[in-house]
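Contents: one structure, followed by commentary.
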Amino acid sequence: MSPGLIVLLLSLLLGLQPLTTDMYLPALPALTQGFGASLSQAQLTLTALLLAFGCSQLIWGPLSDRFGRRPILLWGLGAYVLSALACAMAPSMAWLILWRALQGAAMGAAVMCARAIVRDLYQPADGARVMSKGLTGLGIIACLAAPVGGALAQWMDWRAVLFTLALCSFTTLAIIFWRFEETVTRRNPRALQVRTLANNWWHILRHPTFVAFSALSVCSYAGLFTFLASSSFVFIQVLGLSKPQFGLVMFFSSISYILGTLLCRRLLARLGVHRTLAIAGGLTLTAGTLMGGMALAGWHSVWTLLPPFYLFMVGHGIHQPCGQSGAVGPFPHAAGAASALNGFLMMLAAFAMGSWLGLNMDGTVLPLTNGVWFWSVCVAVSAWTLVQRHDRGLSIRP
(Lines give C-alpha, C1' and ligand atoms only; values in the text may rest on other atoms or scores of the structure.)
Protein backbone atom coordinates (compact mmCIF):
# COMPACT_ATOMS: atom_id res chain seq x y z
CA MET A 1 0.00 0.00 0.00
CA SER A 2 1.27 3.49 -0.82
CA PRO A 3 1.89 5.96 2.03
CA GLY A 4 -1.00 8.10 0.79
CA LEU A 5 -3.40 5.15 0.85
CA ILE A 6 -2.28 4.23 4.37
CA VAL A 7 -3.00 7.76 5.63
CA LEU A 8 -6.41 7.70 3.90
CA LEU A 9 -7.33 4.37 5.49
CA LEU A 10 -6.14 5.54 8.91
CA SER A 11 -8.21 8.71 8.55
CA LEU A 12 -11.35 6.75 7.68
CA LEU A 13 -10.92 4.24 10.50
CA LEU A 14 -9.98 6.78 13.17
CA GLY A 15 -12.61 9.20 11.83
CA LEU A 16 -15.36 6.71 12.60
CA GLN A 17 -15.16 7.76 16.25
CA PRO A 18 -15.90 11.51 15.78
CA LEU A 19 -18.54 10.61 13.21
CA THR A 20 -20.26 8.39 15.78
CA THR A 21 -20.16 11.03 18.52
CA ASP A 22 -19.96 14.50 16.93
CA MET A 23 -22.61 13.96 14.26
CA TYR A 24 -24.96 12.67 16.94
CA LEU A 25 -24.52 15.49 19.47
CA PRO A 26 -26.69 18.19 17.82
CA ALA A 27 -29.61 15.73 17.74
CA LEU A 28 -29.25 14.65 21.37
CA PRO A 29 -31.60 17.21 22.98
CA ALA A 30 -34.33 16.60 20.35
CA LEU A 31 -33.93 12.84 20.69
CA THR A 32 -34.29 13.12 24.46
CA GLN A 33 -37.49 15.12 24.13
CA GLY A 34 -38.87 12.83 21.42
CA PHE A 35 -38.59 9.76 23.65
CA GLY A 36 -39.65 11.67 26.77
CA ALA A 37 -36.44 10.51 28.40
CA SER A 38 -34.36 11.96 31.23
CA LEU A 39 -31.03 13.71 30.87
CA SER A 40 -29.23 10.79 32.50
CA GLN A 41 -30.75 8.38 29.94
CA ALA A 42 -29.61 10.66 27.14
CA GLN A 43 -26.07 10.69 28.54
CA LEU A 44 -26.22 6.89 28.70
CA THR A 45 -26.61 6.66 24.91
CA LEU A 46 -23.14 8.20 24.71
CA THR A 47 -21.45 6.70 27.76
CA ALA A 48 -22.72 3.16 27.02
CA LEU A 49 -21.33 3.45 23.50
CA LEU A 50 -17.94 4.54 24.82
CA LEU A 51 -17.78 1.92 27.57
CA ALA A 52 -18.54 -0.82 25.03
CA PHE A 53 -16.01 0.79 22.68
CA GLY A 54 -13.31 0.62 25.34
CA CYS A 55 -14.06 -2.89 26.61
CA SER A 56 -14.39 -4.38 23.14
CA GLN A 57 -10.84 -3.38 22.28
CA LEU A 58 -9.57 -5.82 24.90
CA ILE A 59 -11.12 -8.55 22.74
CA TRP A 60 -10.41 -7.13 19.29
CA GLY A 61 -6.73 -6.54 20.10
CA PRO A 62 -5.73 -10.16 20.81
CA LEU A 63 -8.03 -11.36 18.00
CA SER A 64 -6.19 -9.14 15.54
CA ASP A 65 -2.80 -10.35 16.80
CA ARG A 66 -4.01 -13.93 16.25
CA PHE A 67 -5.90 -13.65 12.94
CA GLY A 68 -4.60 -10.40 11.43
CA ARG A 69 -6.00 -6.87 11.07
CA ARG A 70 -7.98 -7.41 7.85
CA PRO A 71 -10.55 -10.00 9.07
CA ILE A 72 -11.11 -8.06 12.30
CA LEU A 73 -11.73 -4.86 10.33
CA LEU A 74 -14.22 -6.59 8.04
CA TRP A 75 -16.11 -8.22 10.93
CA GLY A 76 -16.12 -5.05 13.01
CA LEU A 77 -17.20 -2.68 10.25
CA GLY A 78 -19.92 -5.09 9.12
CA ALA A 79 -21.30 -5.20 12.66
CA TYR A 80 -21.11 -1.40 12.84
CA VAL A 81 -23.22 -0.96 9.70
CA LEU A 82 -25.93 -3.29 11.04
CA SER A 83 -26.02 -1.70 14.49
CA ALA A 84 -26.16 1.82 12.98
CA LEU A 85 -29.24 0.80 10.97
CA ALA A 86 -30.79 -0.67 14.11
CA CYS A 87 -30.12 2.59 16.01
CA ALA A 88 -31.89 4.59 13.33
CA MET A 89 -34.98 2.41 13.66
CA ALA A 90 -34.96 2.09 17.49
CA PRO A 91 -38.53 2.19 18.91
CA SER A 92 -37.54 3.38 22.41
CA MET A 93 -34.69 4.88 24.42
CA ALA A 94 -33.88 1.49 25.96
CA TRP A 95 -33.42 -0.09 22.53
CA LEU A 96 -31.38 2.89 21.35
CA ILE A 97 -29.02 2.52 24.33
CA LEU A 98 -28.61 -1.19 23.57
CA TRP A 99 -27.87 -0.68 19.89
CA ARG A 100 -25.53 2.24 20.60
CA ALA A 101 -23.56 -0.03 22.93
CA LEU A 102 -23.25 -2.64 20.17
CA GLN A 103 -22.26 0.11 17.76
CA GLY A 104 -19.51 1.17 20.16
CA ALA A 105 -18.25 -2.41 20.45
CA ALA A 106 -18.04 -2.67 16.67
CA MET A 107 -16.30 0.71 16.41
CA GLY A 108 -13.59 -0.65 18.71
CA ALA A 109 -12.34 -2.94 15.94
CA ALA A 110 -11.79 -0.04 13.53
CA VAL A 111 -10.00 2.32 15.90
CA MET A 112 -7.91 -0.36 17.62
CA CYS A 113 -6.73 -1.79 14.30
CA ALA A 114 -5.83 1.67 13.01
CA ARG A 115 -3.46 2.27 15.93
CA ALA A 116 -1.97 -1.22 15.63
CA ILE A 117 -1.48 -0.83 11.86
CA VAL A 118 0.80 2.16 12.48
CA ARG A 119 3.01 0.00 14.72
CA ASP A 120 2.92 -2.86 12.20
CA LEU A 121 4.29 -0.66 9.43
CA TYR A 122 6.46 1.95 11.16
CA GLN A 123 9.05 2.34 13.87
CA PRO A 124 7.89 4.62 16.72
CA ALA A 125 9.91 7.58 15.45
CA ASP A 126 7.98 7.59 12.18
CA GLY A 127 4.77 6.26 13.72
CA ALA A 128 4.02 9.49 15.59
CA ARG A 129 4.22 11.51 12.40
CA VAL A 130 2.08 9.06 10.43
CA MET A 131 -0.43 8.95 13.28
CA SER A 132 -0.57 12.75 13.31
CA LYS A 133 -1.40 12.68 9.58
CA GLY A 134 -4.17 10.15 10.22
CA LEU A 135 -5.47 12.29 13.06
CA THR A 136 -5.42 15.33 10.78
CA GLY A 137 -7.76 13.34 8.54
CA LEU A 138 -9.84 12.54 11.61
CA GLY A 139 -10.07 16.27 12.31
CA ILE A 140 -11.27 16.97 8.77
CA ILE A 141 -13.99 14.32 9.17
CA ALA A 142 -14.94 15.81 12.53
CA CYS A 143 -15.17 19.26 10.90
CA LEU A 144 -17.87 17.91 8.62
CA ALA A 145 -19.62 15.67 11.16
CA ALA A 146 -21.05 18.26 13.53
CA PRO A 147 -22.36 20.75 10.92
CA VAL A 148 -23.89 17.92 8.87
CA GLY A 149 -25.44 16.46 12.03
CA GLY A 150 -26.80 19.86 13.02
CA ALA A 151 -28.32 20.44 9.58
CA LEU A 152 -29.89 16.99 9.46
CA ALA A 153 -31.28 17.36 12.98
CA GLN A 154 -32.67 20.82 12.17
CA TRP A 155 -34.27 20.07 8.80
CA MET A 156 -35.08 16.36 9.11
CA ASP A 157 -34.83 14.45 12.41
CA TRP A 158 -32.41 12.51 14.58
CA ARG A 159 -33.11 9.26 12.73
CA ALA A 160 -31.69 10.81 9.56
CA VAL A 161 -28.44 11.45 11.46
CA LEU A 162 -28.14 7.77 12.39
CA PHE A 163 -28.99 6.59 8.88
CA THR A 164 -26.16 8.80 7.64
CA LEU A 165 -23.78 7.04 10.04
CA ALA A 166 -24.78 3.70 8.48
CA LEU A 167 -24.05 5.05 5.00
CA CYS A 168 -20.62 6.44 5.99
CA SER A 169 -19.59 3.21 7.70
CA PHE A 170 -20.68 1.13 4.71
CA THR A 171 -18.46 3.30 2.49
CA THR A 172 -15.50 2.71 4.81
CA LEU A 173 -16.20 -1.04 4.81
CA ALA A 174 -16.19 -1.11 1.00
CA ILE A 175 -12.87 0.75 0.78
CA ILE A 176 -11.24 -1.55 3.35
CA PHE A 177 -12.54 -4.60 1.48
CA TRP A 178 -11.12 -3.49 -1.86
CA ARG A 179 -7.89 -1.69 -0.91
CA PHE A 180 -6.58 -2.80 2.49
CA GLU A 181 -3.78 -5.37 2.57
CA GLU A 182 -2.85 -7.33 5.67
CA THR A 183 -0.12 -5.65 7.77
CA VAL A 184 0.61 -8.43 10.29
CA THR A 185 3.59 -10.30 8.89
CA ARG A 186 3.68 -12.95 11.62
CA ARG A 187 0.49 -13.90 13.43
CA ASN A 188 0.71 -15.00 17.05
CA PRO A 189 -1.01 -18.42 17.37
CA ARG A 190 -0.94 -18.12 21.18
CA ALA A 191 -2.41 -14.62 21.35
CA LEU A 192 -5.79 -15.87 22.62
CA GLN A 193 -4.47 -18.23 25.29
CA VAL A 194 -5.45 -17.04 28.75
CA ARG A 195 -1.92 -17.31 30.10
CA THR A 196 -0.47 -15.44 27.13
CA LEU A 197 -3.12 -12.70 27.45
CA ALA A 198 -2.51 -12.31 31.16
CA ASN A 199 1.27 -12.15 30.70
CA ASN A 200 1.01 -9.65 27.84
CA TRP A 201 -1.38 -7.35 29.67
CA TRP A 202 0.63 -7.52 32.89
CA HIS A 203 3.85 -6.75 31.03
CA ILE A 204 2.24 -3.86 29.15
CA LEU A 205 0.54 -2.33 32.20
CA ARG A 206 3.78 -2.45 34.19
CA HIS A 207 5.87 -0.82 31.49
CA PRO A 208 6.69 2.77 32.56
CA THR A 209 6.66 4.07 28.98
CA PHE A 210 3.15 2.69 28.45
CA VAL A 211 2.00 4.19 31.75
CA ALA A 212 3.47 7.61 30.94
CA PHE A 213 2.06 7.96 27.44
CA SER A 214 -1.27 6.35 28.33
CA ALA A 215 -1.71 8.83 31.18
CA LEU A 216 -1.17 11.62 28.68
CA SER A 217 -3.62 10.30 26.07
CA VAL A 218 -6.23 9.27 28.67
CA CYS A 219 -6.29 12.63 30.46
CA SER A 220 -6.38 14.60 27.22
CA TYR A 221 -9.23 12.51 25.84
CA ALA A 222 -11.15 12.74 29.11
CA GLY A 223 -11.01 16.54 28.84
CA LEU A 224 -12.33 16.39 25.29
CA PHE A 225 -15.06 13.95 26.28
CA THR A 226 -16.18 16.25 29.10
CA PHE A 227 -16.88 18.86 26.46
CA LEU A 228 -18.50 16.42 24.04
CA ALA A 229 -20.86 14.91 26.61
CA SER A 230 -22.11 18.22 27.98
CA SER A 231 -21.68 20.76 25.18
CA SER A 232 -24.95 20.20 23.30
CA PHE A 233 -26.99 20.83 26.46
CA VAL A 234 -24.84 23.78 27.57
CA PHE A 235 -24.72 25.58 24.23
CA ILE A 236 -28.23 24.78 22.99
CA GLN A 237 -30.30 24.76 26.19
CA VAL A 238 -28.28 27.04 28.51
CA LEU A 239 -26.68 29.51 26.11
CA GLY A 240 -29.43 29.42 23.48
CA LEU A 241 -27.62 28.43 20.28
CA SER A 242 -29.50 26.77 17.44
CA LYS A 243 -28.52 23.30 16.24
CA PRO A 244 -26.72 24.63 13.12
CA GLN A 245 -24.90 27.19 15.29
CA PHE A 246 -23.81 24.41 17.61
CA GLY A 247 -22.58 22.54 14.55
CA LEU A 248 -20.33 25.51 13.79
CA VAL A 249 -19.01 25.43 17.37
CA MET A 250 -17.93 21.84 16.79
CA PHE A 251 -16.60 22.67 13.33
CA PHE A 252 -14.13 25.23 14.70
CA SER A 253 -13.24 22.85 17.50
CA SER A 254 -12.15 20.35 14.85
CA ILE A 255 -10.23 23.07 12.98
CA SER A 256 -8.31 23.78 16.19
CA TYR A 257 -7.54 20.09 16.53
CA ILE A 258 -6.25 19.92 12.95
CA LEU A 259 -3.96 22.88 13.65
CA GLY A 260 -2.67 21.01 16.69
CA THR A 261 -1.79 17.91 14.65
CA LEU A 262 0.03 20.06 12.08
CA LEU A 263 1.91 21.86 14.86
CA CYS A 264 2.76 18.47 16.39
CA ARG A 265 4.67 17.36 13.30
CA ARG A 266 6.66 20.59 13.12
CA LEU A 267 7.55 20.60 16.80
CA LEU A 268 8.55 16.92 16.85
CA ALA A 269 10.93 17.45 13.95
CA ARG A 270 12.56 20.46 15.62
CA LEU A 271 12.35 19.82 19.36
CA GLY A 272 11.73 16.13 20.04
CA VAL A 273 9.04 14.64 22.21
CA HIS A 274 10.06 16.01 25.61
CA ARG A 275 10.05 19.68 24.71
CA THR A 276 7.07 19.29 22.37
CA LEU A 277 4.91 17.78 25.10
CA ALA A 278 6.17 20.27 27.68
CA ILE A 279 4.99 23.11 25.45
CA ALA A 280 1.68 21.37 24.72
CA GLY A 281 1.14 20.77 28.44
CA GLY A 282 1.50 24.51 29.02
CA LEU A 283 -1.05 25.27 26.30
CA THR A 284 -3.53 22.79 27.80
CA LEU A 285 -3.14 24.06 31.36
CA THR A 286 -3.51 27.69 30.23
CA ALA A 287 -6.67 26.80 28.32
CA GLY A 288 -8.29 24.91 31.18
CA THR A 289 -7.43 27.56 33.74
CA LEU A 290 -8.84 30.38 31.59
CA MET A 291 -12.00 28.41 30.90
CA GLY A 292 -12.60 27.40 34.51
CA GLY A 293 -11.53 30.71 36.02
CA MET A 294 -13.80 32.87 33.87
CA ALA A 295 -16.75 30.57 34.53
CA LEU A 296 -16.22 30.76 38.30
CA ALA A 297 -16.05 34.55 37.96
CA GLY A 298 -19.56 34.50 36.47
CA TRP A 299 -18.64 35.06 32.81
CA HIS A 300 -20.96 32.52 31.18
CA SER A 301 -21.12 33.08 27.45
CA VAL A 302 -20.10 31.52 24.16
CA TRP A 303 -17.26 34.02 23.82
CA THR A 304 -15.70 33.18 27.19
CA LEU A 305 -15.99 29.41 26.75
CA LEU A 306 -14.90 28.81 23.20
CA PRO A 307 -11.50 30.56 22.76
CA PRO A 308 -9.95 28.73 25.74
CA PHE A 309 -11.45 25.43 24.62
CA TYR A 310 -10.09 25.88 21.11
CA LEU A 311 -6.65 26.37 22.69
CA PHE A 312 -7.25 23.13 24.61
CA MET A 313 -7.95 21.40 21.27
CA VAL A 314 -4.66 22.61 19.83
CA GLY A 315 -2.91 20.92 22.74
CA HIS A 316 -5.07 17.82 22.25
CA GLY A 317 -3.87 17.62 18.65
CA ILE A 318 -0.31 17.31 19.98
CA HIS A 319 -0.96 14.99 22.93
CA GLN A 320 -2.95 12.33 21.06
CA PRO A 321 -0.50 11.39 18.28
CA CYS A 322 2.38 11.32 20.75
CA GLY A 323 0.41 9.56 23.47
CA GLN A 324 -1.10 6.85 21.27
CA SER A 325 2.07 6.01 19.33
CA GLY A 326 4.25 6.29 22.43
CA ALA A 327 2.07 3.88 24.41
CA VAL A 328 2.21 1.19 21.69
CA GLY A 329 5.84 1.82 20.66
CA PRO A 330 7.60 -0.60 23.05
CA PHE A 331 5.48 -3.59 21.93
CA PRO A 332 6.05 -4.43 18.24
CA HIS A 333 4.92 -8.05 18.72
CA ALA A 334 1.85 -7.19 20.83
CA ALA A 335 0.72 -3.99 19.12
CA GLY A 336 -2.92 -5.10 19.11
CA ALA A 337 -2.95 -5.80 22.85
CA ALA A 338 -1.13 -2.55 23.70
CA SER A 339 -3.41 -0.51 21.45
CA ALA A 340 -6.43 -2.21 23.01
CA LEU A 341 -5.33 -1.44 26.57
CA ASN A 342 -4.60 2.19 25.71
CA GLY A 343 -8.02 2.56 24.09
CA PHE A 344 -9.73 0.78 26.98
CA LEU A 345 -8.22 3.16 29.52
CA MET A 346 -9.31 6.20 27.50
CA MET A 347 -12.87 4.95 27.29
CA LEU A 348 -12.94 3.95 30.96
CA ALA A 349 -12.09 7.54 31.89
CA ALA A 350 -14.71 8.81 29.43
CA PHE A 351 -17.38 6.52 30.90
CA ALA A 352 -16.58 7.68 34.43
CA MET A 353 -16.75 11.33 33.34
CA GLY A 354 -20.00 10.80 31.45
CA SER A 355 -21.57 9.14 34.48
CA TRP A 356 -20.46 12.04 36.67
CA LEU A 357 -21.88 14.58 34.23
CA GLY A 358 -25.21 12.71 34.09
CA LEU A 359 -25.57 13.23 37.84
CA ASN A 360 -24.14 16.75 38.07
CA MET A 361 -25.49 18.71 35.10
CA ASP A 362 -27.24 21.58 36.87
CA GLY A 363 -28.37 23.93 34.13
CA THR A 364 -25.14 25.98 34.21
CA VAL A 365 -21.81 25.86 32.40
CA LEU A 366 -19.86 24.89 35.53
CA PRO A 367 -19.85 21.08 35.16
CA LEU A 368 -18.35 21.51 31.70
CA THR A 369 -15.76 24.13 32.63
CA ASN A 370 -14.71 22.55 35.92
CA GLY A 371 -14.33 19.16 34.24
CA VAL A 372 -12.13 20.51 31.44
CA TRP A 373 -10.07 22.45 33.99
CA PHE A 374 -9.50 19.33 36.11
CA TRP A 375 -8.32 17.25 33.17
CA SER A 376 -6.11 20.09 31.92
CA VAL A 377 -4.19 19.96 35.18
CA CYS A 378 -3.83 16.16 34.84
CA VAL A 379 -2.55 16.50 31.26
CA ALA A 380 0.07 19.06 32.25
CA VAL A 381 1.28 16.96 35.18
CA SER A 382 1.56 13.89 32.92
CA ALA A 383 3.46 15.80 30.22
CA TRP A 384 5.82 17.52 32.66
CA THR A 385 6.61 14.54 34.90
CA LEU A 386 5.79 11.01 33.69
CA VAL A 387 6.73 11.51 30.04
CA GLN A 388 9.94 13.34 30.92
CA ARG A 389 11.01 10.54 33.28
CA HIS A 390 9.89 7.41 31.49
CA ASP A 391 10.42 7.95 27.78
CA ARG A 392 13.31 5.46 27.74
CA GLY A 393 14.33 5.81 24.14
CA LEU A 394 11.57 3.41 23.10
CA SER A 395 9.10 6.00 21.88
CA ILE A 396 9.43 9.10 19.76
CA ARG A 397 12.56 10.88 18.65
CA PRO A 398 12.98 13.94 16.41
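Letters A, B, ... mark the chains of the C-alpha coordinates in the order given; residue numbers begin at 1 per chain; ligand numbers begin at 1, in order shown.
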
Residues at most 10 Å from range 146-162 of chain A, counting only C-alpha atoms, excluding those fewer than 6 positions away in the same chain, as a ChimeraX atom specification?
/A:18-31,34,83-90,168,242-254

What's the separation between CA of Thr185 in chain A and CA of Val111 in chain A, in Å to one decimal place?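 CA of Thr185 in chain A sits 19.8 Å away from CA of Val111 in chain A.
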
Exercise for the section: Compile the contact shell of Ala212 in chain A as a list in words: residues with an atom at most 8 Å away, counting only C-alpha atoms, same-chain residues fewer than 2 positions apart removed. Expected result: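 Contacts, with the query itself left out: Pro208, Thr209, Phe210, Ser214, Ala215, Leu216, Ala327, Ser382, Leu386, Val387, His390 and Asp391 of chain A.
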
inquiry  = When DSSP is applied to the backbone of this structure, which of range 18-221 of chain A are assigned alpha helix (DSSP H)? Write them out as an MDAnalysis selection string.
reply    = chainID A and resid 18:22 28:35 39:67 69:88 93:121 124:155 158:179 194:206 208:221

Closest of A:Leu58, A:Leu192, A:Leu357, A:Ala37 to Ala105 in chain A - atom-to-atom distances counting only C-alpha atoms: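 Among the listed residues, A:Leu58 lies closest to Ala105 in chain A.
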
Next on the checklist: I'd like the interatomic distance between CA of Ser230 in chain A and CA of Cys55 in chain A, to a tenth of an Å.
Outcome noted: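 So the answer is 22.6 Å.
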
I need the residue nearest Arg115 in chain A from this list: A:Ala94, A:Ile6, A:Leu51, A:Ile204. Use only C-alpha atoms for the distance.
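The shortest atom-to-atom distance to Arg115 in chain A comes from A:Ile6.
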
Shell of 8 Å around range 77-82 of chain A, only C-alpha atoms, local chain residues under 5 positions omitted, as a CSV table (one decimal) with N, CA and C atoms, in the first residue's frame:
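Printed below is around06.csv as written:
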chain,number,residue,atom,x,y,z
A,102,LEU,N,-23.8,-1.7,21.2
A,102,LEU,CA,-23.2,-2.6,20.2
A,102,LEU,C,-22.5,-1.9,19.1
A,103,GLN,N,-23.0,-0.7,18.7
A,103,GLN,CA,-22.3,0.1,17.8
A,103,GLN,C,-20.9,0.5,18.3
A,104,GLY,N,-20.8,0.8,19.6
A,104,GLY,CA,-19.5,1.2,20.2
A,104,GLY,C,-18.6,0.0,20.2
A,106,ALA,N,-18.5,-2.5,18.0
A,106,ALA,CA,-18.0,-2.7,16.7
A,106,ALA,C,-17.0,-1.6,16.3
A,107,MET,N,-17.2,-0.4,16.7
A,107,MET,CA,-16.3,0.7,16.4
A,107,MET,C,-14.9,0.4,17.0
A,109,ALA,N,-13.2,-2.2,16.9
A,109,ALA,CA,-12.3,-2.9,15.9
A,109,ALA,C,-11.6,-2.0,15.0
A,110,ALA,N,-12.4,-1.0,14.5
A,110,ALA,CA,-11.8,0.0,13.5
A,110,ALA,C,-10.7,0.8,14.2
A,166,ALA,N,-24.8,5.0,9.1
A,166,ALA,CA,-24.8,3.7,8.5
A,166,ALA,C,-24.2,3.8,7.1
A,167,LEU,N,-24.6,4.9,6.4
A,167,LEU,CA,-24.0,5.1,5.0
A,167,LEU,C,-22.5,5.3,5.0
A,169,SER,N,-20.3,4.4,7.3
A,169,SER,CA,-19.6,3.2,7.7
A,169,SER,C,-19.6,2.2,6.6
A,170,PHE,N,-20.7,2.1,5.8
A,170,PHE,CA,-20.7,1.1,4.7
A,170,PHE,C,-19.6,1.5,3.7
A,172,THR,N,-16.8,3.1,4.3
A,172,THR,CA,-15.5,2.7,4.8
A,172,THR,C,-15.3,1.2,4.7
A,173,LEU,N,-16.3,0.4,5.0
A,173,LEU,CA,-16.2,-1.0,4.8
A,173,LEU,C,-15.8,-1.4,3.4

Closest of A:Phe312, A:Phe331, A:Phe177, A:Trp202 to Leu283 in chain A, counting only C-alpha atoms, is A:Phe312

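For the residues A:Leu224, A:Ala278, A:Leu345, A:Ala191, ranking by smallest atom-to-atom distance to Phe309 in chain A using only C-alpha atoms places A:Leu224 first.
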
**Prompt:** Between A:Gly15, A:Gly240, A:Gly343, A:Pro332, which has the minimum distance to Gly54 in chain A (counting only C-alpha atoms)?
**Reply:**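 Checking each candidate against Gly54 in chain A, we get A:Gly343 as the closest.
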
A straight line from CA of Val328 in chain A to CA of Cys264 in chain A spans 18.1 Å
